[in-house]
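Visitor: To start, I am sharing the structure in question, which I have written as structure tokens.
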Amino acid sequence: MYLTEKEEKMLNGEEGYAVRKSMEILVALGDIYGAEQLIKVGSVQVAGVSYHNLGDAGLEFLNELAKDGKVKVLTTLNPAGMDLENWKNLGIDEDFAEKQNLVIDAFRKMGIIISCTCTPYLIGNLPIYGEHVAWSESSAVTFANSVIGAKTNREGGPSALAAAFVGKTPCYGLHLDENRVPDIHVQVTASLKKLSDWGALGYSIGKKAENKIPYITGIKDAELDELKSFCASVVTYGSKPLFYMQGITPGFENHQPPKEKITIEDKDIKEAYGKINDEITDIDFVCIGCPHCSIKEIAEIAELLKNRKISPNTEFWVACSRMVKQLADTRGYTEIIEGAGGKFACDTCMAVAPLKGRFRAVATTSAKGCYYSRQNNMMTKMGSLEECIEAAVSGKWS
Ligand code: F3S
């Protein structure tokens, strides 16, 4: 990979340890993937924040970089393993909290914004059309590429951090237009009535598209919450972190429909629910907010919980960014949700919090949430927000 004189100096350590280490990572990646050069990025989103996933080795790596590393571009964080303020209320133990706080301290020292969310685009890390960025979280990467029309590969935690310290990333993969051409036409005839149907749609397309780039027609309109749910699901269950959706993706009209064509019908959506849902009725955990809740979703939750109480046998979490929670505070939603016995899980989520062994069965609106809950040994139910709230109130899925 070609390096400018300045980049050579960075690689030789003239800007310190963190930049040298970062350049080594970026050059190695560039060589593996055949990149010709580094390109500037407008922002970075770093995954690998939960101590649950990092462990002591990851913490040590971060502390080394934090000694002299300062990010050069706007950099935000993916969810951590706990609510950074309210962790005790979520049942997180002291030892874990201590380590998680050390992880956050390291990121803070690097100049990273302690946002801890997988929806950076809801809190100001919002790229512009065509901008190159280096993001890690798969749902956010898919949203950036497909809804905003920015350009990013699905970075690993270390490569995203490296891009933040250098302000650049190797130009390969989805940074190149030739790799952003749709290669499977997906005609959607299924009717999508509730938020979780978008998760089911993502499951169906992800499975059928098998690492191809879908060119999706037949969808009349889509709201932001539906798109963020779809982005999370389609990439979790199979396709590349990029799709073209008629009426949504900027530049859709610049592409021809690919020859290979599949159709997604009502029966496919039903089948997806069948695969995602287990045969269970008792629910001891309900989590809404995968990807992290928007303020609109929180308003809907508050409306459904007015004058109601969460079952004593069920834990109810609303996962969101701290910034969105602050909006919920001022608009009175927090009072209603907490008054009903619900808990806010800011800065964290159902996949990266240490939940293994704590709950038996989860209900959620999210197909991706079900995927990761199964990895945490939970049985899963995906349904509408109304169905999830009923489960939280009664402790049963009906
Ligand atoms: Fe976000 Fe966690 Fe879901 S990172 S997309 S809430 S698994």
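Scheme for the structure tokens: letters A, B, ... for chains in order shown; per-chain residue numbers from 1; ligand numbers from 1 in order shown.
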May I have the residues within 9 Å of Gly342 of chain A as a list in words, using only C-alpha atoms and disregarding those fewer than 4 positions away in the same chain?
Guide: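 Non-adjacent residues within range: Lys309, Ile310, Glu315, Phe316, Trp317, Val318, Ile336, Ile337, Glu338 and Ala392 of chain A.
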Visitor: Identify, counting only C-alpha atoms and all ligand atoms, the protein, DNA and RNA residues located within 9 Å of ligand 1, and give them as a PyMOL selection string.
Guide: chain A and resi 47+78-80+116-119+137-140+228-229+231-233+288-293+319-320+348-353+366+368-373
Visitor: Would you list the contacts of Lys109 of chain A as a PyMOL selection string, taking every protein, DNA or RNA residue within 12 Å and counting only C-alpha atoms, but skipping same-chain residues closer than 6 positions in sequence?
Guide: chain A and resi 62-71+102-103
Visitor: Which residues, written as a ChimeraX atom specification, have at least one atom at most 6 Å from segment 160-172 of chain A, with only C-alpha atoms counted and residues fewer than 6 positions away on the same chain left out?
Guide: /A:19,22,30,35,37-41,44,46,71-73,134
Visitor: Output N, CA and C atoms for every residue in the selection just made, as a compact mmCIF listing (two decimals), in the first residue's frame.
Guide:
```txt
# COMPACT_ATOMS: atom_id res chain seq x y z
N VAL A 19 -0.02 5.95 17.59
CA VAL A 19 -0.11 6.18 16.15
C VAL A 19 0.71 5.12 15.40
N SER A 22 -1.21 1.94 15.47
CA SER A 22 -2.38 2.07 14.59
C SER A 22 -1.97 1.93 13.13
N GLY A 30 -4.52 -3.13 5.02
CA GLY A 30 -4.45 -2.67 3.64
C GLY A 30 -3.75 -3.68 2.75
N ALA A 35 -5.52 -2.84 -0.53
CA ALA A 35 -5.79 -1.39 -0.63
C ALA A 35 -4.59 -0.69 -1.26
N GLN A 37 -4.15 2.72 -0.99
CA GLN A 37 -3.80 3.89 -0.17
C GLN A 37 -4.72 3.98 1.04
N LEU A 38 -4.36 4.92 1.93
CA LEU A 38 -5.25 5.25 3.03
C LEU A 38 -6.14 6.41 2.59
N ILE A 39 -7.39 6.44 3.10
CA ILE A 39 -8.26 7.59 2.81
C ILE A 39 -8.74 8.20 4.13
N LYS A 40 -9.01 9.50 4.09
CA LYS A 40 -9.48 10.20 5.29
C LYS A 40 -10.87 9.73 5.68
N VAL A 41 -11.14 9.65 6.98
CA VAL A 41 -12.49 9.32 7.44
C VAL A 41 -13.08 10.51 8.19
N VAL A 44 -15.50 8.03 13.38
CA VAL A 44 -15.22 6.63 13.76
C VAL A 44 -16.24 6.22 14.81
N VAL A 46 -16.48 3.04 17.54
CA VAL A 46 -15.64 1.94 18.05
C VAL A 46 -16.49 0.91 18.79
N VAL A 71 -7.48 10.73 19.69
CA VAL A 71 -8.16 10.54 18.40
C VAL A 71 -8.10 11.84 17.58
N LYS A 72 -8.05 11.66 16.24
CA LYS A 72 -7.93 12.82 15.34
C LYS A 72 -9.27 13.24 14.75
N VAL A 73 -10.30 12.36 14.86
CA VAL A 73 -11.62 12.67 14.28
C VAL A 73 -12.70 12.37 15.30
N ALA A 134 -15.29 5.14 9.45
CA ALA A 134 -14.81 3.81 9.90
C ALA A 134 -15.60 3.42 11.13
```
Visitor: For Pro127 of chain A, list every protein, DNA or RNA residue within 10 Å, evaluated using only C-alpha atoms, and leave out those in the same chain fewer than 6 positions away; present the list as a PyMOL selection string.
Guide: chain A and resi 41-44+120-121+133+144-145+148-151
Visitor: Just the number, please: distance in Å from atom CA of His52 of chain A to atom CA of Asn86 of chain A, one decimal.
Guide: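 Going from atom CA of His52 of chain A over to atom CA of Asn86 of chain A covers 17.2 Å.
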Visitor: What separation in Å, quoted to one decimal, exists between atom CA of Arg20 of chain A and atom CA of Gly81 of chain A?
Guide: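 Between atom CA of Arg20 of chain A and atom CA of Gly81 of chain A the gap works out to 28.9 Å.
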Visitor: Go through segment 254-306 of chain A and collect every residue that DSSP, computed from the backbone, puts in alpha helix (DSSP H); the answer should be as a PyMOL selection string.
Guide: chain A and resi 266-276+295-305
Visitor: Just to be explicit: take each residue in the selection above, keep N, CA, C and O atoms, and write the result as a CSV table (one decimal), in the first residue's frame.
Guide:
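Output below, filename out.csv:
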```csv
chain,number,residue,atom,x,y,z
A,266,ASP,N,-45.6,-13.0,2.5
A,266,ASP,CA,-46.1,-13.1,3.8
A,266,ASP,C,-45.7,-14.4,4.5
A,266,ASP,O,-45.3,-14.4,5.7
A,267,LYS,N,-45.6,-15.5,3.7
A,267,LYS,CA,-45.3,-16.8,4.3
A,267,LYS,C,-43.8,-16.8,4.8
A,267,LYS,O,-43.5,-17.5,5.8
A,268,ASP,N,-43.0,-16.0,4.1
A,268,ASP,CA,-41.5,-15.9,4.6
A,268,ASP,C,-41.4,-15.2,5.9
A,268,ASP,O,-40.6,-15.6,6.7
A,269,ILE,N,-42.3,-14.2,6.1
A,269,ILE,CA,-42.2,-13.4,7.3
A,269,ILE,C,-42.7,-14.4,8.5
A,269,ILE,O,-42.1,-14.4,9.5
A,270,LYS,N,-43.8,-15.1,8.2
A,270,LYS,CA,-44.3,-16.1,9.2
A,270,LYS,C,-43.3,-17.1,9.5
A,270,LYS,O,-43.1,-17.4,10.7
A,271,GLU,N,-42.6,-17.6,8.5
A,271,GLU,CA,-41.5,-18.6,8.7
A,271,GLU,C,-40.4,-18.0,9.6
A,271,GLU,O,-39.9,-18.7,10.5
A,272,ALA,N,-40.1,-16.8,9.3
A,272,ALA,CA,-39.0,-16.1,10.1
A,272,ALA,C,-39.4,-16.1,11.6
A,272,ALA,O,-38.6,-16.4,12.5
A,273,TYR,N,-40.6,-15.7,11.9
A,273,TYR,CA,-41.1,-15.7,13.3
A,273,TYR,C,-41.0,-17.1,13.9
A,273,TYR,O,-40.6,-17.3,15.0
A,274,GLY,N,-41.3,-18.1,13.1
A,274,GLY,CA,-41.3,-19.5,13.5
A,274,GLY,C,-39.8,-19.9,13.9
A,274,GLY,O,-39.6,-20.6,14.9
A,275,LYS,N,-38.8,-19.4,13.2
A,275,LYS,CA,-37.4,-19.7,13.5
A,275,LYS,C,-36.9,-18.9,14.7
A,275,LYS,O,-36.1,-19.4,15.4
A,276,ILE,N,-37.4,-17.7,14.8
A,276,ILE,CA,-36.8,-16.8,15.8
A,276,ILE,C,-37.4,-17.1,17.2
A,276,ILE,O,-36.8,-17.0,18.2
A,295,ILE,N,-36.2,8.3,20.8
A,295,ILE,CA,-37.1,8.9,21.7
A,295,ILE,C,-38.6,8.6,21.4
A,295,ILE,O,-39.5,8.5,22.2
A,296,LYS,N,-38.9,8.4,20.1
A,296,LYS,CA,-40.2,8.0,19.7
A,296,LYS,C,-40.6,6.6,20.3
A,296,LYS,O,-41.7,6.5,20.7
A,297,GLU,N,-39.7,5.7,20.2
A,297,GLU,CA,-40.0,4.4,20.8
A,297,GLU,C,-40.3,4.5,22.3
A,297,GLU,O,-41.1,3.8,22.9
A,298,ILE,N,-39.5,5.3,23.0
A,298,ILE,CA,-39.6,5.5,24.4
A,298,ILE,C,-41.0,6.1,24.7
A,298,ILE,O,-41.7,5.7,25.7
A,299,ALA,N,-41.4,7.1,23.9
A,299,ALA,CA,-42.7,7.7,24.1
A,299,ALA,C,-43.8,6.6,24.0
A,299,ALA,O,-44.8,6.6,24.7
A,300,GLU,N,-43.6,5.7,23.0
A,300,GLU,CA,-44.6,4.7,22.8
A,300,GLU,C,-44.7,3.7,24.0
A,300,GLU,O,-45.7,3.3,24.5
A,301,ILE,N,-43.5,3.4,24.5
A,301,ILE,CA,-43.4,2.5,25.7
A,301,ILE,C,-44.1,3.2,26.9
A,301,ILE,O,-44.9,2.6,27.6
A,302,ALA,N,-43.8,4.5,27.1
A,302,ALA,CA,-44.4,5.2,28.2
A,302,ALA,C,-46.0,5.2,28.1
A,302,ALA,O,-46.7,5.0,29.0
A,303,GLU,N,-46.4,5.4,26.9
A,303,GLU,CA,-47.9,5.4,26.6
A,303,GLU,C,-48.5,4.1,27.0
A,303,GLU,O,-49.6,4.0,27.7
A,304,LEU,N,-47.8,3.0,26.6
A,304,LEU,CA,-48.4,1.7,26.9
A,304,LEU,C,-48.3,1.3,28.4
A,304,LEU,O,-49.0,0.4,28.8
A,305,LEU,N,-47.4,1.9,29.1
A,305,LEU,CA,-47.2,1.5,30.5
A,305,LEU,C,-48.0,2.5,31.5
A,305,LEU,O,-47.9,2.2,32.7
```
Visitor: How would you write, as a PyMOL selection string, the set of residues in segment 134-213 of chain A that DSSP gives as strand (DSSP E)?
Guide: chain A and resi 134-135+168-170+184-188
Visitor: Mind checking which residues fall within 8 Å of Lys325 of chain A, counting only C-alpha atoms, ignoring those fewer than 6 positions away in the same chain, and posting them as a count of residues only?
Guide: 4
Visitor: Tell me, as a PyMOL selection string, which residues lie within 10 Å of Val362 of chain A, counting only C-alpha atoms; anything in the same chain fewer than 4 positions away does not count.
Guide: chain A and resi 280+282-287+314-316+350+369-370+373-374+378-382+388+391-392+397
Visitor: Restrict the calculation to only C-alpha atoms, then for each residue of segment 225-286 of chain A with any atom at most 6 Å from an atom of segment 184-199 of chain A give the closest atom pair and their distance in Å to one decimal, rows by chain and rising residue number, as a tab-separated table.
Guide:
```
residue	atom	partner	partner_atom	distance
A:Glu226	CA	A:Leu195	CA	5.8
A:Ser229	CA	A:Gly199	CA	5.8
A:Phe230	CA	A:Trp198	CA	5.1
A:Ser233	CA	A:Gly199	CA	5.3
A:Pro257	CA	A:His185	CA	5.9
A:Pro258	CA	A:His185	CA	5.4
A:Glu260	CA	A:Ile184	CA	5.2
A:Lys261	CA	A:His185	CA	4.5
A:Ile262	CA	A:Val186	CA	5.1
A:Thr263	CA	A:Gln187	CA	4.7
A:Ile264	CA	A:Val188	CA	4.8
A:Glu265	CA	A:Ala190	CA	4.3
A:Asp266	CA	A:Ala190	CA	4.3
```
Visitor: Here is a test: counting only C-alpha atoms, which residue of A:Asn12, A:Ser384, A:Ser321, A:Ser146 is nearest to Tyr129 of chain A?
Guide: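 Looking only at the distances to Tyr129 of chain A, the closest residue turns out to be A:Ser146.
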Visitor: Mind pulling up the distance from atom CA of Ser294 of chain A to atom CA of Gly332 of chain A?
Guide: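 Pair atom CA of Gly332 of chain A / atom CA of Ser294 of chain A returns 15.0 Å.
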